[in-house]
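Next up, model20.json (JSON, C-alpha atoms):
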[["chain", "number", "residue", "atom", "x", "y", "z"],
["R", 1, "MET", "CA", 0.00, 0.00, 0.00],
["R", 2, "PRO", "CA", 1.43, 3.43, -0.91],
["R", 3, "GLU", "CA", 2.20, 6.02, 1.73],
["R", 4, "PRO", "CA", -0.80, 8.19, 2.61],
["R", 5, "VAL", "CA", -1.06, 11.78, 1.42],
["R", 6, "PHE", "CA", -1.52, 14.15, 4.36],
["R", 7, "ASP", "CA", -1.36, 17.80, 5.38],
["R", 8, "LYS", "CA", -0.62, 17.47, 9.11],
["R", 9, "LYS", "CA", 1.15, 14.59, 10.80],
["R", 10, "GLU", "CA", -1.00, 14.80, 13.97],
["R", 11, "GLN", "CA", -4.19, 14.49, 11.89],
["R", 12, "LEU", "CA", -2.76, 11.43, 10.14],
["R", 13, "ALA", "CA", -1.92, 9.92, 13.54],
["R", 14, "THR", "CA", -5.50, 10.52, 14.73],
["R", 15, "ILE", "CA", -6.96, 8.73, 11.70],
["R", 16, "GLN", "CA", -4.45, 5.87, 11.98],
["R", 17, "GLY", "CA", -5.57, 5.40, 15.59],
["R", 18, "LEU", "CA", -9.15, 4.84, 14.40],
["R", 19, "LEU", "CA", -8.45, 2.17, 11.78],
["R", 20, "LEU", "CA", -10.16, -1.19, 11.85],
["R", 21, "ASP", "CA", -8.40, -4.46, 11.07],
["R", 22, "GLY", "CA", -7.41, -4.55, 7.40],
["R", 23, "GLU", "CA", -8.14, -0.84, 6.87],
["R", 24, "GLY", "CA", -5.54, 1.51, 5.39],
["R", 25, "VAL", "CA", -5.28, 5.28, 5.04],
["R", 26, "ASP", "CA", -5.22, 6.84, 1.56],
["R", 27, "ALA", "CA", -5.15, 10.50, 2.63],
["R", 28, "VAL", "CA", -5.84, 12.98, 5.41],
["R", 29, "PHE", "CA", -6.62, 16.55, 4.39],
["R", 30, "ASP", "CA", -6.91, 19.63, 6.57],
["R", 31, "CYS", "CA", -10.11, 21.61, 6.02],
["R", 32, "LYS", "CA", -10.90, 25.24, 6.66],
["R", 33, "GLY", "CA", -13.82, 27.17, 8.06],
["R", 34, "ALA", "CA", -16.25, 26.31, 10.83],
["R", 35, "GLY", "CA", -17.20, 22.71, 11.30],
["R", 36, "THR", "CA", -15.00, 20.03, 9.83],
["R", 37, "GLY", "CA", -11.40, 20.16, 10.97],
["R", 38, "PHE", "CA", -10.04, 17.41, 8.73],
["R", 39, "ILE", "CA", -11.09, 14.45, 6.60],
["R", 40, "GLY", "CA", -9.52, 11.01, 6.34],
["R", 41, "ILE", "CA", -10.03, 8.79, 3.33],
["R", 42, "THR", "CA", -9.47, 5.12, 4.09],
["R", 43, "SER", "CA", -9.94, 1.87, 2.26],
["R", 44, "LYS", "CA", -13.33, 1.36, 3.97],
["R", 45, "ARG", "CA", -14.81, 4.78, 4.78],
["R", 46, "VAL", "CA", -14.54, 8.53, 5.01],
["R", 47, "ILE", "CA", -13.70, 9.72, 8.54],
["R", 48, "TYR", "CA", -14.12, 13.36, 9.45],
["R", 49, "PHE", "CA", -13.34, 15.34, 12.54],
["R", 50, "ASP", "CA", -16.12, 17.82, 13.20],
["R", 51, "LYS", "CA", -15.60, 20.66, 15.65],
["R", 52, "ALA", "CA", -19.11, 22.11, 15.36],
["R", 53, "PHE", "CA", -21.29, 19.01, 15.04],
["R", 54, "MET", "CA", -22.72, 19.27, 18.55],
["R", 55, "SER", "CA", -21.99, 22.70, 20.06],
["R", 56, "ASN", "CA", -18.61, 22.63, 21.81],
["R", 57, "LYS", "CA", -18.01, 18.91, 21.33],
["R", 58, "LYS", "CA", -15.33, 17.49, 19.11],
["R", 59, "VAL", "CA", -16.83, 14.58, 17.18],
["R", 60, "ILE", "CA", -15.26, 12.03, 14.87],
["R", 61, "SER", "CA", -17.77, 10.71, 12.32],
["R", 62, "SER", "CA", -17.44, 7.78, 9.94],
["R", 63, "LEU", "CA", -19.22, 7.41, 6.63],
["R", 64, "PRO", "CA", -18.83, 3.95, 5.06],
["R", 65, "TYR", "CA", -18.67, 3.94, 1.26],
["R", 66, "SER", "CA", -21.85, 1.86, 1.22],
["R", 67, "ARG", "CA", -23.74, 4.89, 2.61],
["R", 68, "ILE", "CA", -22.54, 7.42, 0.01],
["R", 69, "ALA", "CA", -25.08, 8.13, -2.74],
["R", 70, "SER", "CA", -23.20, 10.78, -4.71],
["R", 71, "ILE", "CA", -20.02, 12.82, -4.79],
["R", 72, "ALA", "CA", -19.16, 16.16, -6.39],
["R", 73, "THR", "CA", -16.30, 18.65, -6.37],
["R", 74, "GLU", "CA", -15.72, 22.30, -7.11],
["R", 75, "GLY", "CA", -12.51, 24.29, -7.32],
["R", 76, "GLU", "CA", -11.50, 27.92, -7.49],
["R", 77, "THR", "CA", -8.08, 29.22, -8.32],
["R", 78, "GLY", "CA", -7.01, 32.54, -6.97],
["R", 79, "PHE", "CA", -4.14, 34.77, -6.09],
["R", 80, "PHE", "CA", -3.31, 32.80, -2.93],
["R", 81, "GLY", "CA", -3.57, 29.30, -4.40],
["R", 82, "GLY", "CA", -7.32, 28.90, -4.36],
["R", 83, "THR", "CA", -9.73, 26.65, -2.52],
["R", 84, "SER", "CA", -11.69, 23.57, -3.38],
["R", 85, "LYS", "CA", -14.73, 21.77, -2.02],
["R", 86, "LEU", "CA", -15.90, 18.19, -1.87],
["R", 87, "PHE", "CA", -19.60, 17.38, -1.50],
["R", 88, "LEU", "CA", -20.93, 14.02, -0.34],
["R", 89, "THR", "CA", -24.59, 13.03, -0.29],
["R", 90, "THR", "CA", -25.59, 10.09, 1.88],
["R", 91, "LEU", "CA", -28.23, 7.51, 1.03],
["R", 92, "GLY", "CA", -30.38, 9.17, 3.70],
["R", 93, "GLY", "CA", -30.22, 12.48, 1.82],
["R", 94, "SER", "CA", -27.79, 14.34, 4.10],
["R", 95, "HIS", "CA", -25.28, 16.65, 2.45],
["R", 96, "ILE", "CA", -21.76, 16.96, 3.80],
["R", 97, "GLU", "CA", -19.38, 19.65, 2.55],
["R", 98, "PHE", "CA", -15.62, 19.79, 3.00],
["R", 99, "ASP", "CA", -13.75, 23.03, 2.25],
["R", 100, "PHE", "CA", -10.07, 22.37, 1.49],
["R", 101, "ARG", "CA", -7.03, 24.58, 1.60],
["R", 102, "GLY", "CA", -5.69, 24.51, -1.96],
["R", 103, "ALA", "CA", -7.30, 24.22, -5.37],
["R", 104, "ASP", "CA", -6.23, 20.63, -6.08],
["R", 105, "LYS", "CA", -7.11, 18.79, -2.86],
["R", 106, "ALA", "CA", -10.84, 18.32, -3.45],
["R", 107, "LYS", "CA", -10.11, 16.85, -6.87],
["R", 108, "LEU", "CA", -7.66, 14.37, -5.35],
["R", 109, "ALA", "CA", -10.12, 13.50, -2.55],
["R", 110, "HIS", "CA", -12.89, 13.10, -5.15],
["R", 111, "THR", "CA", -10.73, 10.71, -7.18],
["R", 112, "MET", "CA", -9.85, 8.63, -4.10],
["R", 113, "VAL", "CA", -13.43, 8.35, -2.83],
["R", 114, "LEU", "CA", -14.83, 7.68, -6.31],
["R", 115, "THR", "CA", -12.25, 4.93, -6.82],
["R", 116, "HIS", "CA", -13.51, 3.19, -3.67],
["R", 117, "LEU", "CA", -17.15, 3.69, -4.67],
["R", 118, "LEU", "CA", -16.60, 2.22, -8.13],
["R", 119, "ALA", "CA", -14.55, -0.69, -6.78],
["R", 120, "ARG", "CA", -17.38, -1.45, -4.38],
["R", 121, "GLU", "CA", -19.89, -1.46, -7.25],
["R", 122, "GLU", "CA", -17.71, -3.87, -9.26],
["R", 123, "THR", "CA", -17.72, -6.40, -6.43],
["R", 124, "ARG", "CA", -21.52, -6.47, -6.23]]

Take the structure in this file and express it as structure tokens.
Amino acid sequence: MPEPVFDKKEQLATIQGLLLDGEGVDAVFDCKGAGTGFIGITSKRVIYFDKAFMSNKKVISSLPYSRIASIATEGETGFFGGTSKLFLTTLGGSHIEFDFRGADKAKLAHTMVLTHLLAREETR
């Protein structure tokens, strides 16, 4: 398995501490703005650290690939390197948005998640 892509070593360590047997980390990206602090993409799920989910609580949420209905991305380039967003829709209809630092990160996250979603469909 290739080395994971990550922005901050401590965020990678947090995600690695949450792995299940046989699960590997593809990437951990730092996010900006209120709410999600970072997102981990693993071989089995998307894990995200949410600072605003329940008032002052810090919550780690997991979204298995089997619960993702759709995925989308958007990017903006700008003077300071731009931003990018990843949007996930769950089978239950919830929408989750991740705002990345850097114009290319959402595209990379999109590719990684989509790869897992398509691989899951092929094994059905």

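Nearest residue to R:Phe98, choosing from R:Ile39, R:Ile15, R:Leu63, R:Val113 and counting all atoms listed in the file: R:Ile39.
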
Exercise: R:Leu88 partners within 7 Å, only C-alpha atoms, chain neighbours under 5 positions left out, as a ChimeraX atom specification: /R:68,70-72,95-97

Find the residues near R:Arg101: any atom within 9 Å, counting only C-alpha atoms, skip ones fewer than 4 places away on the same chain, and give them as a PDB file with C-alpha atoms, in the coordinates of the input.
ATOM      1  CA  PHE R  29      -6.620  16.550   4.390  1.00  0.00           C
ATOM      2  CA  ASP R  30      -6.910  19.630   6.570  1.00  0.00           C
ATOM      3  CA  CYS R  31     -10.110  21.610   6.020  1.00  0.00           C
ATOM      4  CA  LYS R  32     -10.900  25.240   6.660  1.00  0.00           C
ATOM      5  CA  GLY R  81      -3.570  29.300  -4.400  1.00  0.00           C
ATOM      6  CA  GLY R  82      -7.320  28.900  -4.360  1.00  0.00           C
ATOM      7  CA  THR R  83      -9.730  26.650  -2.520  1.00  0.00           C
ATOM      8  CA  SER R  84     -11.690  23.570  -3.380  1.00  0.00           C
ATOM      9  CA  LYS R  85     -14.730  21.770  -2.020  1.00  0.00           C
ATOM     10  CA  LYS R 105      -7.110  18.790  -2.860  1.00  0.00           C
ATOM     11  CA  ALA R 106     -10.840  18.320  -3.450  1.00  0.00           C
TER      12      ALA R 106
END

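In this model, the gap between atom CA of R:Glu74 and atom CA of R:Phe87 comes to 8.4 Å.
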
Å distance separating atom CA of R:Gly40 from atom CA of R:Gly93, one decimal place: 21.2 Å

Å distance separating atom CA of R:Met112 from atom CA of R:Asp21, one decimal place: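 Taking atom CA of R:Met112 as the start and atom CA of R:Asp21 as the end point, the length is 20.1 Å.
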
Nearest candidate to R:Ala119 (options R:Lys58, R:Lys8, R:Lys44, R:Ala27; using all atoms listed in the file): R:Lys44

Nearest to R:Leu108, chosen from R:Gln11, R:Gly17, R:Phe6, R:Ile60, with only C-alpha atoms counted in the distances: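 Using only C-alpha atoms, the shortest distance to R:Leu108 belongs to R:Phe6.
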
Counting all atoms listed in the file, the option among R:Glu121, R:Val5, R:Val59, R:Lys107 closest to R:Thr42: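 Distance minimum relative to R:Thr42 lands on R:Val5.
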
Of the listed residues R:Ala13, R:Ile47, R:Leu114, R:Leu91, that which approaches R:Ser66 most closely, counting all atoms listed in the file: R:Leu91

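With only C-alpha atoms as the atoms that count, the residue of R:Leu18, R:Leu12, R:Ala109, R:Leu118 with the shortest distance to R:Thr73 is R:Ala109.
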
Distance query R:Pro4 at most 8 Å, all atoms listed in the file, self and fewer than 5 positions along chain excluded, as an MDAnalysis selection string: chainID R and resid 25:28

Using the atoms already present, construct N, CA and C atoms for stretch 99-114 of chain R and hand them back as a tab-separated table (two decimals), keeping the file's coordinate frame.
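Contents of the output file selection_32.tsv:
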chain	number	residue	atom	x	y	z
R	99	ASP	N	-14.40	21.88	2.88
R	99	ASP	CA	-13.75	23.03	2.25
R	99	ASP	C	-12.24	22.89	2.48
R	100	PHE	N	-11.51	22.65	1.40
R	100	PHE	CA	-10.07	22.37	1.49
R	100	PHE	C	-9.22	23.61	1.29
R	101	ARG	N	-8.04	23.56	1.83
R	101	ARG	CA	-7.03	24.58	1.60
R	101	ARG	C	-6.23	24.16	0.37
R	102	GLY	N	-6.39	24.86	-0.73
R	102	GLY	CA	-5.69	24.51	-1.96
R	102	GLY	C	-6.64	24.05	-3.03
R	103	ALA	N	-6.38	24.46	-4.24
R	103	ALA	CA	-7.30	24.22	-5.37
R	103	ALA	C	-7.32	22.77	-5.84
R	104	ASP	N	-6.32	21.99	-5.53
R	104	ASP	CA	-6.23	20.63	-6.08
R	104	ASP	C	-6.68	19.53	-5.12
R	105	LYS	N	-6.86	19.84	-3.85
R	105	LYS	CA	-7.11	18.79	-2.86
R	105	LYS	C	-8.47	18.14	-2.99
R	106	ALA	N	-9.51	18.92	-3.29
R	106	ALA	CA	-10.84	18.32	-3.45
R	106	ALA	C	-10.87	17.37	-4.63
R	107	LYS	N	-10.16	17.73	-5.69
R	107	LYS	CA	-10.11	16.85	-6.87
R	107	LYS	C	-9.44	15.53	-6.51
R	108	LEU	N	-8.34	15.59	-5.77
R	108	LEU	CA	-7.66	14.37	-5.35
R	108	LEU	C	-8.55	13.55	-4.41
R	109	ALA	N	-9.20	14.21	-3.45
R	109	ALA	CA	-10.12	13.50	-2.55
R	109	ALA	C	-11.26	12.87	-3.34
R	110	HIS	N	-11.80	13.61	-4.30
R	110	HIS	CA	-12.89	13.10	-5.15
R	110	HIS	C	-12.45	11.83	-5.88
R	111	THR	N	-11.26	11.86	-6.45
R	111	THR	CA	-10.73	10.71	-7.18
R	111	THR	C	-10.58	9.50	-6.25
R	112	MET	N	-10.06	9.73	-5.05
R	112	MET	CA	-9.85	8.63	-4.10
R	112	MET	C	-11.17	8.02	-3.66
R	113	VAL	N	-12.13	8.86	-3.29
R	113	VAL	CA	-13.43	8.35	-2.83
R	113	VAL	C	-14.16	7.65	-3.98
R	114	LEU	N	-14.16	8.28	-5.16
R	114	LEU	CA	-14.83	7.68	-6.31
R	114	LEU	C	-14.22	6.33	-6.67
